[in-house]
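Novice: Provided herewith: input.txt, compact mmCIF, C-alpha atoms.
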```txt
# COMPACT_ATOMS: atom_id res chain seq x y z
CA MET A 1 71.69 104.59 117.52
CA SER A 2 70.06 107.98 117.13
CA ASN A 3 66.43 108.69 117.80
CA GLY A 4 64.01 107.87 115.02
CA HIS A 5 64.34 104.94 112.66
CA VAL A 6 67.77 103.49 111.92
CA LEU A 7 67.10 104.11 108.25
CA THR A 8 66.19 107.78 108.64
CA PRO A 9 69.05 110.29 108.57
CA VAL A 10 69.03 112.96 111.25
CA ALA A 11 69.99 116.45 110.15
CA THR A 12 73.15 117.77 111.77
CA GLU A 13 75.47 120.70 111.32
CA VAL A 14 78.98 120.79 109.92
CA LEU A 15 80.95 122.54 112.65
CA SER A 16 84.31 122.74 110.96
CA VAL A 17 86.13 121.57 107.84
CA ARG A 18 89.80 120.80 107.60
CA HIS A 19 91.21 120.35 104.11
CA GLU A 20 93.75 117.57 104.54
CA LEU A 21 94.80 116.89 100.94
CA ARG A 22 93.79 118.17 97.52
CA ASP A 23 90.87 115.72 97.39
CA THR A 24 90.35 114.95 101.07
CA ALA A 25 88.70 116.85 103.92
CA THR A 26 87.83 116.17 107.54
CA LEU A 27 84.40 117.27 108.73
CA SER A 28 83.53 117.78 112.37
CA LEU A 29 79.84 117.19 112.98
CA LEU A 30 77.51 117.47 115.91
CA PRO A 31 76.51 113.89 116.76
CA PRO A 32 72.84 113.14 116.12
CA PRO A 33 70.71 113.79 119.23
CA GLY A 34 70.78 110.69 121.43
CA GLY A 35 73.51 109.19 119.28
CA ALA A 36 75.45 106.38 120.93
CA PRO A 37 79.19 106.75 121.49
CA PHE A 38 81.15 105.23 118.66
CA ALA A 39 83.87 102.62 118.88
CA PRO A 40 87.07 102.71 116.78
CA GLY A 41 86.42 101.10 113.42
CA GLN A 42 82.73 101.96 113.18
CA PHE A 43 81.20 104.08 110.42
CA SER A 44 78.32 106.48 109.81
CA MET A 45 76.09 107.01 106.82
CA LEU A 46 76.38 110.61 105.66
CA TYR A 47 73.60 112.03 103.51
CA VAL A 48 73.90 115.03 101.22
CA MET A 49 70.43 116.37 100.55
CA GLY A 50 69.34 115.63 97.02
CA LEU A 51 72.48 113.70 96.11
CA GLY A 52 72.67 110.55 98.16
CA GLU A 53 74.16 108.75 101.09
CA ILE A 54 77.54 107.06 101.61
CA PRO A 55 79.30 105.20 104.40
CA ILE A 56 82.21 107.05 106.00
CA SER A 57 84.37 105.79 108.85
CA LEU A 58 84.50 107.75 112.07
CA SER A 59 88.05 109.04 112.26
CA GLY A 60 88.13 111.17 115.40
CA ASP A 61 89.11 110.53 118.99
CA PRO A 62 86.48 108.33 120.65
CA ALA A 63 87.19 110.19 123.91
CA GLU A 64 85.78 113.37 122.37
CA SER A 65 82.15 112.36 122.54
CA GLY A 66 80.88 115.80 121.60
CA LEU A 67 82.14 115.55 118.03
CA TRP A 68 81.82 113.10 115.23
CA ILE A 69 84.74 113.45 112.89
CA HIS A 70 84.85 111.97 109.41
CA THR A 71 87.66 112.14 106.86
CA ILE A 72 86.35 111.96 103.32
CA ARG A 73 88.11 111.52 100.02
CA GLY A 74 86.17 112.97 97.11
CA VAL A 75 85.88 110.21 94.55
CA GLY A 76 82.20 110.45 93.53
CA ASN A 77 79.28 112.86 93.55
CA VAL A 78 78.35 112.53 97.22
CA SER A 79 81.89 112.39 98.61
CA GLN A 80 82.96 115.36 96.50
CA ALA A 81 80.00 117.35 97.81
CA LEU A 82 81.04 116.47 101.37
CA VAL A 83 84.61 117.55 100.69
CA ARG A 84 83.23 120.89 99.43
CA ALA A 85 81.06 121.37 102.55
CA ILE A 86 81.54 124.50 104.65
CA PRO A 87 80.86 125.17 108.33
CA GLY A 88 77.16 125.69 108.92
CA ASP A 89 76.06 123.32 106.16
CA ARG A 90 73.51 120.74 107.20
CA ILE A 91 73.85 117.13 106.23
CA GLY A 92 72.07 113.93 107.26
CA VAL A 93 73.74 111.36 109.47
CA ARG A 94 72.94 107.85 110.65
CA GLY A 95 75.01 105.68 112.88
CA PRO A 96 77.30 104.61 114.31
CA PHE A 97 77.21 101.23 112.57
CA GLY A 98 79.29 98.11 112.23
CA SER A 99 81.90 96.20 114.13
CA ALA A 100 84.86 97.74 115.96
CA TRP A 101 88.58 97.02 116.12
CA PRO A 102 88.95 94.44 118.93
CA LEU A 103 91.53 96.43 120.84
CA ASP A 104 91.01 94.34 123.98
CA ARG A 105 92.66 91.43 122.14
CA ALA A 106 95.88 93.47 121.97
CA ARG A 107 96.27 94.32 125.65
CA GLY A 108 99.66 93.26 126.94
CA ARG A 109 100.88 92.40 123.44
CA ASP A 110 102.86 94.10 120.69
CA VAL A 111 100.59 96.01 118.31
CA LEU A 112 101.19 96.55 114.62
CA VAL A 113 99.00 99.00 112.70
CA VAL A 114 99.40 98.97 108.92
CA ALA A 115 97.51 101.63 106.96
CA GLY A 116 97.49 102.72 103.36
CA GLY A 117 96.04 105.85 101.76
CA ILE A 118 92.67 106.92 103.17
CA GLY A 119 92.75 103.65 105.16
CA LEU A 120 94.48 105.57 107.93
CA ALA A 121 91.17 107.30 108.73
CA PRO A 122 89.34 104.24 110.16
CA LEU A 123 92.47 103.36 112.12
CA ARG A 124 92.98 106.79 113.66
CA PRO A 125 90.44 106.29 116.49
CA LEU A 126 92.27 103.08 117.38
CA ILE A 127 95.61 104.89 117.41
CA TYR A 128 94.10 107.55 119.70
CA ARG A 129 93.11 104.76 122.08
CA LEU A 130 96.61 103.25 121.94
CA ALA A 131 98.11 106.69 122.57
CA ALA A 132 95.84 107.20 125.58
CA GLU A 133 97.31 104.23 127.46
CA PRO A 134 100.43 102.94 125.71
CA GLU A 135 101.56 101.20 128.91
CA ALA A 136 98.73 98.70 128.44
CA TYR A 137 100.41 97.31 125.34
CA GLY A 138 103.81 96.04 124.27
CA ARG A 139 105.67 97.73 121.44
CA ILE A 140 103.34 99.85 119.29
CA THR A 141 104.27 100.25 115.63
CA VAL A 142 102.31 102.29 113.10
CA LEU A 143 103.23 101.87 109.44
CA TYR A 144 101.64 104.08 106.82
CA GLY A 145 101.93 104.09 103.03
CA ALA A 146 100.75 106.83 100.68
CA ARG A 147 100.99 107.43 96.96
CA THR A 148 103.24 110.51 97.10
CA PRO A 149 104.46 112.88 99.83
CA GLU A 150 101.53 115.20 98.94
CA ASP A 151 99.10 112.35 99.71
CA ILE A 152 100.21 111.72 103.28
CA LEU A 153 97.13 112.00 105.46
CA TYR A 154 97.31 113.52 108.96
CA PHE A 155 100.97 114.48 108.34
CA HIS A 156 101.35 116.56 111.50
CA GLN A 157 99.59 113.99 113.64
CA LEU A 158 101.90 111.26 112.34
CA GLN A 159 104.84 113.49 113.23
CA ALA A 160 103.49 113.97 116.75
CA TRP A 161 102.99 110.24 117.23
CA LYS A 162 106.48 109.67 115.82
CA GLU A 163 107.95 111.91 118.49
CA SER A 164 106.17 109.94 121.19
CA ALA A 165 108.60 107.68 123.00
CA ARG A 166 106.08 104.83 123.09
CA PHE A 167 105.26 104.89 119.40
CA HIS A 168 107.24 103.62 116.50
CA VAL A 169 105.87 105.35 113.38
CA ARG A 170 107.18 104.90 109.86
CA VAL A 171 105.79 106.46 106.72
CA THR A 172 106.57 105.57 103.13
CA VAL A 173 105.43 106.71 99.70
CA ASP A 174 105.21 104.79 96.45
CA SER A 175 106.87 107.59 94.51
CA GLY A 176 108.50 110.81 95.58
CA ALA A 177 110.01 113.93 94.12
CA ASP A 178 113.73 114.79 94.27
CA ASP A 179 113.35 116.63 97.55
CA TRP A 180 111.73 113.68 99.34
CA SER A 181 114.24 112.16 101.73
CA GLY A 182 111.80 109.89 103.55
CA ASN A 183 111.10 106.23 102.90
CA LEU A 184 110.22 105.22 99.36
CA GLY A 185 108.61 101.89 98.58
CA PRO A 186 105.40 100.03 99.37
CA VAL A 187 104.15 99.83 102.94
CA THR A 188 104.96 96.11 103.01
CA HIS A 189 108.64 97.06 102.86
CA LEU A 190 108.33 98.70 106.28
CA ILE A 191 107.19 95.50 107.96
CA SER A 192 110.07 94.14 109.99
CA PRO A 193 110.00 91.43 112.64
CA VAL A 194 112.45 93.61 114.57
CA ASP A 195 109.44 95.71 115.62
CA PHE A 196 107.26 92.96 117.08
CA ASP A 197 107.07 89.41 118.30
CA PRO A 198 105.38 87.44 115.50
CA ALA A 199 104.23 84.84 118.03
CA SER A 200 102.03 87.28 119.92
CA VAL A 201 101.60 90.53 117.95
CA VAL A 202 98.09 91.74 117.14
CA VAL A 203 97.74 93.41 113.73
CA PHE A 204 95.18 95.96 112.55
CA THR A 205 95.24 96.89 108.87
CA CYS A 206 93.19 99.04 106.55
CA GLY A 207 93.80 100.25 103.03
CA PRO A 208 93.18 99.14 99.46
CA GLU A 209 92.22 95.48 99.47
CA ILE A 210 95.21 94.48 97.39
CA MET A 211 97.53 96.22 99.83
CA MET A 212 95.98 94.33 102.72
CA ARG A 213 96.36 91.03 100.83
CA PHE A 214 100.10 91.64 100.40
CA VAL A 215 100.47 92.82 104.01
CA ILE A 216 98.69 89.75 105.36
CA ARG A 217 100.60 87.33 103.14
CA LEU A 218 103.87 88.79 104.36
CA LEU A 219 102.80 88.65 108.01
CA LEU A 220 101.65 85.04 107.71
CA GLY A 221 105.06 84.27 106.20
CA LEU A 222 106.70 85.79 109.28
CA GLY A 223 104.68 83.48 111.52
CA VAL A 224 101.87 85.81 112.60
CA ALA A 225 98.70 83.76 113.19
CA GLY A 226 95.68 84.71 111.08
CA GLU A 227 93.52 84.84 114.23
CA ARG A 228 95.54 87.87 115.39
CA ILE A 229 95.13 89.86 112.16
CA PHE A 230 92.16 92.20 111.78
CA LEU A 231 91.21 94.17 108.70
CA SER A 232 88.55 96.64 107.64
CA MET A 233 86.70 95.83 104.43
CA GLU A 234 84.98 98.27 102.14
CA ARG A 235 81.90 97.34 100.15
CA ASN A 236 78.94 99.14 98.65
CA MET A 237 77.00 99.75 101.86
CA LYS A 238 73.49 101.18 101.48
CA CYS A 239 71.16 100.40 104.38
CA ALA A 240 73.98 99.89 106.94
CA VAL A 241 71.90 97.46 109.00
CA GLY A 242 72.02 94.23 107.00
CA PHE A 243 68.63 94.55 105.26
CA CYS A 244 69.38 95.33 101.66
CA GLY A 245 72.27 93.02 100.81
CA HIS A 246 74.22 95.53 98.73
CA CYS A 247 77.36 94.92 100.76
CA GLN A 248 77.17 91.15 100.80
CA TYR A 249 80.64 89.63 100.92
CA GLY A 250 80.35 85.86 100.74
CA PRO A 251 78.19 84.88 103.71
CA HIS A 252 78.75 88.25 105.42
CA PHE A 253 77.07 91.63 105.30
CA VAL A 254 79.96 94.08 105.59
CA CYS A 255 77.76 96.81 107.11
CA LYS A 256 76.55 94.63 109.97
CA GLU A 257 79.19 91.96 110.62
CA GLY A 258 81.98 94.23 109.42
CA PRO A 259 83.56 96.45 108.38
CA VAL A 260 86.16 95.05 110.80
CA PHE A 261 86.73 91.34 110.35
CA GLY A 262 89.19 88.84 111.70
CA TYR A 263 91.37 87.60 108.86
CA ASP A 264 90.26 84.01 109.51
CA GLN A 265 86.64 85.05 108.85
CA VAL A 266 87.36 86.33 105.35
CA ALA A 267 90.58 84.57 104.32
CA HIS A 268 88.77 82.39 101.78
CA LEU A 269 87.07 85.44 100.26
CA LEU A 270 90.13 87.66 99.87
CA ALA A 271 91.45 85.53 97.05
CA GLU A 272 88.09 85.56 95.21
CA LYS A 273 88.07 87.56 92.00
CA GLU A 274 85.26 90.04 91.41
CA ARG A 275 82.90 88.94 88.63
CA MET B 1 135.78 97.21 113.98
CA LYS B 2 136.74 93.70 114.92
CA TYR B 3 135.78 90.61 112.99
CA HIS B 4 133.55 89.18 115.74
CA GLU B 5 131.63 92.48 115.97
CA ILE B 6 130.98 92.35 112.25
CA LYS B 7 129.84 88.75 112.61
CA ASP B 8 127.39 89.78 115.37
CA LEU B 9 125.96 92.48 113.12
CA LEU B 10 125.58 90.00 110.27
CA ARG B 11 123.88 87.53 112.62
CA GLN B 12 121.36 90.19 113.67
CA CYS B 13 120.40 90.89 110.06
CA HIS B 14 117.00 89.33 109.33
CA GLY B 15 118.05 88.65 105.72
CA PHE B 16 120.92 86.46 106.90
CA ALA B 17 118.88 84.51 109.44
CA THR B 18 119.21 81.23 107.55
CA LEU B 19 123.01 81.34 107.28
CA CYS B 20 125.04 79.00 109.52
CA GLU B 21 127.89 80.11 111.81
CA GLU B 22 130.47 78.93 109.31
CA ASP B 23 128.97 81.08 106.55
CA LEU B 24 128.71 84.11 108.85
CA ASP B 25 132.36 83.60 109.80
CA LEU B 26 133.37 83.61 106.20
CA MET B 27 131.31 86.69 105.37
CA ALA B 28 132.55 88.57 108.42
CA LYS B 29 136.11 88.04 107.25
CA CYS B 30 135.14 89.80 104.01
CA GLY B 31 133.61 92.79 105.84
CA VAL B 32 134.87 96.21 106.88
CA ASN B 33 133.20 99.16 108.51
CA ALA B 34 132.46 102.18 106.29
CA VAL B 35 130.68 105.52 106.54
CA PHE B 36 128.99 107.45 103.72
CA ARG B 37 128.06 111.07 104.17
CA GLU B 38 124.68 112.40 103.03
CA GLY B 39 124.66 112.64 99.24
CA GLN B 40 127.65 110.36 98.74
CA LEU B 41 127.34 107.46 96.29
CA LEU B 42 127.72 103.91 97.60
CA ALA B 43 127.49 102.47 94.09
CA GLN B 44 127.25 103.70 90.54
CA GLU B 45 125.13 102.25 87.75
CA GLY B 46 127.23 100.28 85.26
CA HIS B 47 130.25 100.02 87.53
CA PRO B 48 131.64 96.65 88.66
CA ALA B 49 129.63 95.25 91.55
CA ASP B 50 132.46 93.99 93.70
CA LEU B 51 130.90 95.05 97.00
CA PHE B 52 127.61 94.92 98.80
CA TYR B 53 126.49 96.52 102.03
CA LEU B 54 124.64 95.88 105.24
CA ILE B 55 123.23 99.16 106.59
CA ARG B 56 124.09 99.52 110.27
CA ASN B 57 122.47 102.90 110.61
CA GLY B 58 121.07 105.37 108.10
CA LYS B 59 119.18 105.39 104.84
CA VAL B 60 120.07 105.07 101.16
CA ALA B 61 118.18 105.58 97.92
CA ILE B 62 118.26 103.29 94.90
CA GLU B 63 118.25 105.73 91.97
CA THR B 64 118.51 105.95 88.24
CA HIS B 65 118.71 108.79 85.77
CA VAL B 66 115.88 109.18 83.27
CA PRO B 67 116.41 111.55 80.32
CA HIS B 68 114.15 114.64 80.58
CA ARG B 69 113.10 113.59 84.11
CA GLY B 70 116.40 113.64 85.95
CA THR B 71 117.15 111.42 88.90
CA VAL B 72 114.34 109.08 89.92
CA THR B 73 114.35 107.29 93.25
CA LEU B 74 113.01 103.77 92.98
CA GLN B 75 113.25 102.66 96.58
CA SER B 76 114.85 103.56 99.87
CA LEU B 77 116.58 101.08 102.17
CA GLY B 78 117.32 101.56 105.84
CA THR B 79 118.89 100.16 108.96
CA GLY B 80 119.32 96.40 108.95
CA GLU B 81 118.82 96.04 105.19
CA VAL B 82 121.13 94.58 102.59
CA VAL B 83 122.10 96.74 99.62
CA GLY B 84 123.19 95.01 96.43
CA TRP B 85 122.90 91.61 94.85
CA SER B 86 124.61 92.33 91.53
CA TRP B 87 127.91 90.98 92.91
CA LEU B 88 126.38 87.49 92.83
CA PHE B 89 124.82 87.50 89.37
CA PRO B 90 126.44 88.13 85.97
CA PRO B 91 127.37 90.56 84.53
CA TYR B 92 128.43 91.66 88.07
CA LEU B 93 127.60 95.31 87.39
CA TRP B 94 125.52 97.69 89.53
CA MET B 95 122.11 98.14 87.89
CA PHE B 96 121.35 101.41 89.71
CA ASP B 97 123.02 104.19 91.65
CA VAL B 98 122.91 103.97 95.43
CA ARG B 99 123.08 107.28 97.29
CA ALA B 100 123.17 108.01 101.02
CA LEU B 101 120.07 110.02 101.97
CA GLU B 102 121.64 110.79 105.34
CA ASP B 103 124.94 109.97 107.01
CA THR B 104 124.98 106.20 106.79
CA ARG B 105 127.13 103.59 108.50
CA VAL B 106 127.50 100.26 106.76
CA ILE B 107 129.38 97.01 106.77
CA SER B 108 130.97 96.88 103.35
CA LEU B 109 131.39 93.29 102.18
CA ASP B 110 133.77 92.06 99.52
CA GLY B 111 131.36 90.46 97.07
CA LYS B 112 134.05 89.58 94.56
CA CYS B 113 135.95 87.56 97.15
CA LEU B 114 132.75 85.82 98.29
CA ARG B 115 131.77 85.13 94.68
CA GLU B 116 135.09 83.37 94.11
CA LYS B 117 134.56 81.33 97.27
CA CYS B 118 131.08 80.39 96.01
CA GLU B 119 132.54 79.18 92.71
CA ALA B 120 135.05 77.06 94.60
CA ASN B 121 132.47 75.74 97.08
CA HIS B 122 129.10 75.17 95.45
CA SER B 123 127.47 74.23 98.72
CA LEU B 124 128.31 77.67 100.09
CA GLY B 125 127.28 79.18 96.76
CA PHE B 126 123.86 77.54 96.97
CA ARG B 127 123.27 78.80 100.51
CA LEU B 128 124.27 82.36 99.62
CA MET B 129 122.26 82.21 96.41
CA LYS B 130 119.16 81.17 98.41
CA THR B 131 119.74 83.96 100.91
CA PHE B 132 120.13 86.66 98.29
CA MET B 133 117.29 85.28 96.18
CA GLY B 134 115.07 85.93 99.23
CA THR B 135 116.09 89.58 99.18
CA LEU B 136 115.67 89.73 95.44
CA VAL B 137 112.18 88.21 95.55
CA ALA B 138 111.13 90.68 98.26
CA ARG B 139 112.36 93.59 96.13
CA VAL B 140 110.50 92.27 93.08
CA HIS B 141 107.31 92.05 95.15
CA ASP B 142 107.89 95.62 96.33
CA ALA B 143 108.38 96.83 92.76
CA ARG B 144 105.21 95.06 91.56
CA LEU B 145 103.17 96.58 94.36
CA GLN B 146 104.53 100.03 93.47
CA VAL B 147 103.61 99.52 89.82
CA LEU B 148 100.04 98.64 90.84
CA ASP B 149 99.59 102.19 92.14
CA VAL B 150 97.20 100.87 94.79
CA TYR B 151 96.30 104.27 96.27
CA HIS B 152 95.10 105.73 93.01
CA SER B 153 91.62 107.26 93.41
CA PRO B 154 88.89 104.74 92.72
CA GLN B 155 85.47 105.74 91.46
CA GLY B 156 83.00 105.82 94.30
CA GLY B 157 79.97 107.38 95.88
```
Would you give me this structure, written as structure tokens?

Specialist:
Amino acid sequence: MSNGHVLTPVATEVLSVRHELRDTATLSLLPPPGGAPFAPGQFSMLYVMGLGEIPISLSGDPAESGLWIHTIRGVGNVSQALVRAIPGDRIGVRGPFGSAWPLDRARGRDVLVVAGGIGLAPLRPLIYRLAAEPEAYGRITVLYGARTPEDILYFHQLQAWKESARFHVRVTVDSGADDWSGNLGPVTHLISPVDFDPASVVVFTCGPEIMMRFVIRLLLGLGVAGERIFLSMERNMKCAVGFCGHCQYGPHFVCKEGPVFGYDQVAHLLAEKER
Amino acid sequence: MKYHEIKDLLRQCHGFATLCEEDLDLMAKCGVNAVFREGQLLAQEGHPADLFYLIRNGKVAIETHVPHRGTVTLQSLGTGEVVGWSWLFPPYLWMFDVRALEDTRVISLDGKCLREKCEANHSLGFRLMKTFMGTLVARVHDARLQVLDVYHSPQGG
């Protein structure tokens, strides 16, 4: 954690901005002074002066310790302000917070990554790690679903991973224009036991909660054990250190015990309806 | 392509995993190899559904034509997937067009012949019905998930 109090944002500079999609941008920030290295799956709290603070997953390569990279989709006041940021702007940052993808559990096994929409961002650091030493794992499959071809995040990066001999990458969209000749259908349709051994595969998934529910149900049906499925949950995180309770999810605080959970930890909660 | 090679390909298809050797034998005897070039139609909406396909290699689109919108692709299917169930259910007509998105190799199976065998042998009919219902249920789930538009922007911070 950075110097100062865990609840006090540290001012940092936006080094560069990459506009990924019409409503989504990736900001490269200087890490806060004394900031700890982050692990794939963790998040930061980003503060826009005078507007507010929101949790955003770290989406860069963990090996690049000199940069903190966040991909943000503008869906509210704070996130839209972040998407509009320009190099040189100063914003507040706290972190890194939360649990990480347990990549050590996957060593020597097939790995299945299933992402949907902006959910690819929290998984990207994990994919960087897989790409850094693919020989440590079995077959690596990355499946990604987006709304339309125009909504495909990290398009060029997905292409690069696709061309890698050790990666099996498939992308699909829910609806496409006439000129789209790629896959069309939900991301669940891409899941095929041909790609992995259900008896030993380790699964990492992130996306809209309903997408993850369908993905997990399908995987369980194929014989994948719940203890080898990990997902990243999103809740209304405020303090990020388990004090305030805004992100309470059953007996868990998502900011502290999550955002990455084992499926078995939250299986009983996934079916709960919001009230 | 020889009959036993077709049978091997059918055996490798995940959708046919529950079928016994006898059923695979019977299906293989109804199968022939076929190739569709990019853009070519494998099936046409409203036409008799006397065939169905197992994709050996390639990709096809399930399409329909919507007035004032043109051709709309509903789903794509790829290697190892089964295309078509209309041969098994009345009125035995294709519900949508099926177009090759790239050069596509398939096993083309005589659904009409199999349907007649199912009528004559209800035990076989039940097993094939269960197999194709599995495909049908998966496609319904896919369609429902698409309708949910899960990636639509939520309101947030």

Novice: Here is a test: counting all atoms listed in the file, which residue of B:Leu19, B:Leu54, B:Cys30, B:Ala138 is nearest to Ile107 (chain B)?

Specialist: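 Of the candidates, the smallest distance to Ile107 (chain B) is held by B:Leu54.
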
Novice: Identify which of the residues A:Ser164, A:Gln42, A:Ser175, A:Gln159 lies closest to chain B, counting only C-alpha atoms when measuring atom-to-atom distances.

Specialist: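 Going through A:Ser164, A:Gln42, A:Ser175, A:Gln159 one by one, the smallest distance to chain B is for A:Ser175.
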
Novice: Identify all chain A residues at most 7 Å from chain B by counting only C-alpha atoms; ligands do not count. Present them as a list in words.

Specialist: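 Listing them in order of chain and number gives Ile54, Val75, Gly76, Asn77, Val78, Ser79, Gly117, Ala146, Arg147, Asp174, Ser181, Asn183, Leu184, Gly185, Pro186, His189, Pro208 and Met211 of chain A.
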
Novice: Would you list the residues near (92.4, 91.8, 123.4), meaning any protein, DNA or RNA residue with an atom at most 12 Å from that point in file coordinates, counting only C-alpha atoms, as a list in words?

Specialist: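 The distance filter leaves exactly Trp101, Pro102, Leu103, Asp104, Arg105, Ala106, Arg107, Gly108, Arg109, Asp110, Val111, Ala136, Tyr137, Ser200, Val201, Val202, Val203, Phe204, Glu227, Arg228, Ile229 and Phe230 of chain A.
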
Novice: Produce a file of the selected residues containing C-alpha atoms, as an mmCIF file, in the frame of the given file.

Specialist:
```cif
data_model
loop_
_atom_site.group_PDB
_atom_site.id
_atom_site.type_symbol
_atom_site.label_atom_id
_atom_site.label_comp_id
_atom_site.auth_asym_id
_atom_site.auth_seq_id
_atom_site.Cartn_x
_atom_site.Cartn_y
_atom_site.Cartn_z
ATOM 1 C CA TRP A 101 88.580 97.020 116.120
ATOM 2 C CA PRO A 102 88.950 94.440 118.930
ATOM 3 C CA LEU A 103 91.530 96.430 120.840
ATOM 4 C CA ASP A 104 91.010 94.340 123.980
ATOM 5 C CA ARG A 105 92.660 91.430 122.140
ATOM 6 C CA ALA A 106 95.880 93.470 121.970
ATOM 7 C CA ARG A 107 96.270 94.320 125.650
ATOM 8 C CA GLY A 108 99.660 93.260 126.940
ATOM 9 C CA ARG A 109 100.880 92.400 123.440
ATOM 10 C CA ASP A 110 102.860 94.100 120.690
ATOM 11 C CA VAL A 111 100.590 96.010 118.310
ATOM 12 C CA ALA A 136 98.730 98.700 128.440
ATOM 13 C CA TYR A 137 100.410 97.310 125.340
ATOM 14 C CA SER A 200 102.030 87.280 119.920
ATOM 15 C CA VAL A 201 101.600 90.530 117.950
ATOM 16 C CA VAL A 202 98.090 91.740 117.140
ATOM 17 C CA VAL A 203 97.740 93.410 113.730
ATOM 18 C CA PHE A 204 95.180 95.960 112.550
ATOM 19 C CA GLU A 227 93.520 84.840 114.230
ATOM 20 C CA ARG A 228 95.540 87.870 115.390
ATOM 21 C CA ILE A 229 95.130 89.860 112.160
ATOM 22 C CA PHE A 230 92.160 92.200 111.780
#
```

Novice: With all atoms listed in the file as the counted atoms, please give the residues lying no more than 9 Å from region 127-131 of chain B, apart from itself and same-chain residues fewer than 4 positions off, as number ranges by chain.

Specialist: B: 15-19, 23, 88, 118, 122-123, 135-136

Novice: Which distance in Å separates CA of Asn121 (chain B) and CA of Pro91 (chain B), to one decimal?

Specialist: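 Distance reported for this atom pair: 20.1 Å.
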
Novice: Show me, as number ranges by chain, the residues that have an atom within 10 Å of Ala25 (chain A) when counting all atoms listed in the file, minus same-chain residues fewer than 3 positions from it.

Specialist: A: 17-22, 28, 70-74, 79-80, 82-85, 153

Novice: Write out as a ChimeraX atom specification the residues lying within 12 Å of Val254 (chain A), counting all atoms listed in the file and excluding same-chain residues fewer than 2 positions away.

Specialist: /A:42-43,55,97-99,231-252,256-261,265-266

Novice: Given all atoms listed in the file as the basis, pick out the residue of B:Ala120, B:Ile55, B:Leu41, B:Met95 nearest to Glu81 (chain B).

Specialist: B:Ile55

Novice: Neighbourhood query: residues within 6 Å of (76.8, 113.5, 122.5), file coordinates, counting all atoms listed in the file; return as an MDAnalysis selection string.

Specialist: chainID A and resid 31 65:66

Novice: Rounded to one decimal place, report the CA of Arg170 (chain A)-CA of Leu143 (chain A) distance in Å.

Specialist: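 Pair CA of Arg170 (chain A) / CA of Leu143 (chain A) returns 5.0 Å.
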
Novice: From the options B:Arg115, B:Arg69, B:Lys29, B:Arg99, which residue's atoms come nearest to Glu45 (chain B), counting all atoms listed in the file?

Specialist: B:Arg99

Novice: What does the distance from CA of Gly223 (chain A) to CA of Ala132 (chain A) come to in Å, to one decimal?

Specialist: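 CA of Gly223 (chain A) sits 29.0 Å away from CA of Ala132 (chain A).
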
Novice: Smallest atom-to-atom distance to Thr104 (chain B): which of B:Val137, B:Ala34, B:Leu124, B:Val83, using only C-alpha atoms?

Specialist: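 Looking only at the distances to Thr104 (chain B), the closest residue turns out to be B:Ala34.
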
Novice: Let me make sure I understand: among B:Val106, B:Cys113, B:Val66, B:Leu9, which one has the smallest atom-to-atom distance to Val35 (chain B) if we use all atoms listed in the file?

Specialist: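 Checking each of B:Val106, B:Cys113, B:Val66, B:Leu9 against Val35 (chain B), counting all atoms listed in the file, the winner is B:Val106.
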
Novice: Would you place a box with edges along x, y and z of the file around all atoms of region 54-64 of chain A listed there, add 3 Å to each of its six sides, and report the centre and edge lengths in Å to one decimal, as lines of an AutoDock Vina configuration file?

Specialist:
```
center_x = 83.3
center_y = 109.3
center_z = 112.8
size_x = 17.6
size_y = 14.2
size_z = 28.3
```

Novice: Find the residues around Leu218 (chain A) up to 10 Å (all atoms listed in the file counted), leave out those fewer than 6 positions away in its own chain, and share them as a PyMOL selection string.

Specialist: (chain A and resi 188-189+191-192+212+224) or (chain B and resi 138)

Novice: Please output region 250-257 of chain A, rebuilt to include N, CA and C atoms, as an mmCIF file, in the frame of the given file.

Specialist:
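What ended up in result05.cif:
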```cif
data_model
loop_
_atom_site.group_PDB
_atom_site.id
_atom_site.type_symbol
_atom_site.label_atom_id
_atom_site.label_comp_id
_atom_site.auth_asym_id
_atom_site.auth_seq_id
_atom_site.Cartn_x
_atom_site.Cartn_y
_atom_site.Cartn_z
ATOM 1 N N GLY A 250 80.490 87.275 100.390
ATOM 2 C CA GLY A 250 80.350 85.860 100.740
ATOM 3 C C GLY A 250 79.159 85.711 101.657
ATOM 4 N N PRO A 251 79.319 85.060 102.782
ATOM 5 C CA PRO A 251 78.190 84.880 103.710
ATOM 6 C C PRO A 251 77.981 86.086 104.632
ATOM 7 N N HIS A 252 78.797 87.119 104.480
ATOM 8 C CA HIS A 252 78.750 88.250 105.420
ATOM 9 C C HIS A 252 78.085 89.494 104.803
ATOM 10 N N PHE A 253 77.460 90.279 105.672
ATOM 11 C CA PHE A 253 77.070 91.630 105.300
ATOM 12 C C PHE A 253 78.115 92.555 105.928
ATOM 13 N N VAL A 254 78.852 93.271 105.086
ATOM 14 C CA VAL A 254 79.960 94.080 105.590
ATOM 15 C C VAL A 254 79.459 95.163 106.552
ATOM 16 N N CYS A 255 78.264 95.706 106.276
ATOM 17 C CA CYS A 255 77.760 96.810 107.110
ATOM 18 C C CYS A 255 77.435 96.355 108.522
ATOM 19 N N LYS A 256 77.029 95.103 108.671
ATOM 20 C CA LYS A 256 76.550 94.630 109.970
ATOM 21 C C LYS A 256 77.604 93.797 110.694
ATOM 22 N N GLU A 257 78.167 92.816 109.986
ATOM 23 C CA GLU A 257 79.190 91.960 110.620
ATOM 24 C C GLU A 257 80.565 92.611 110.544
#
```
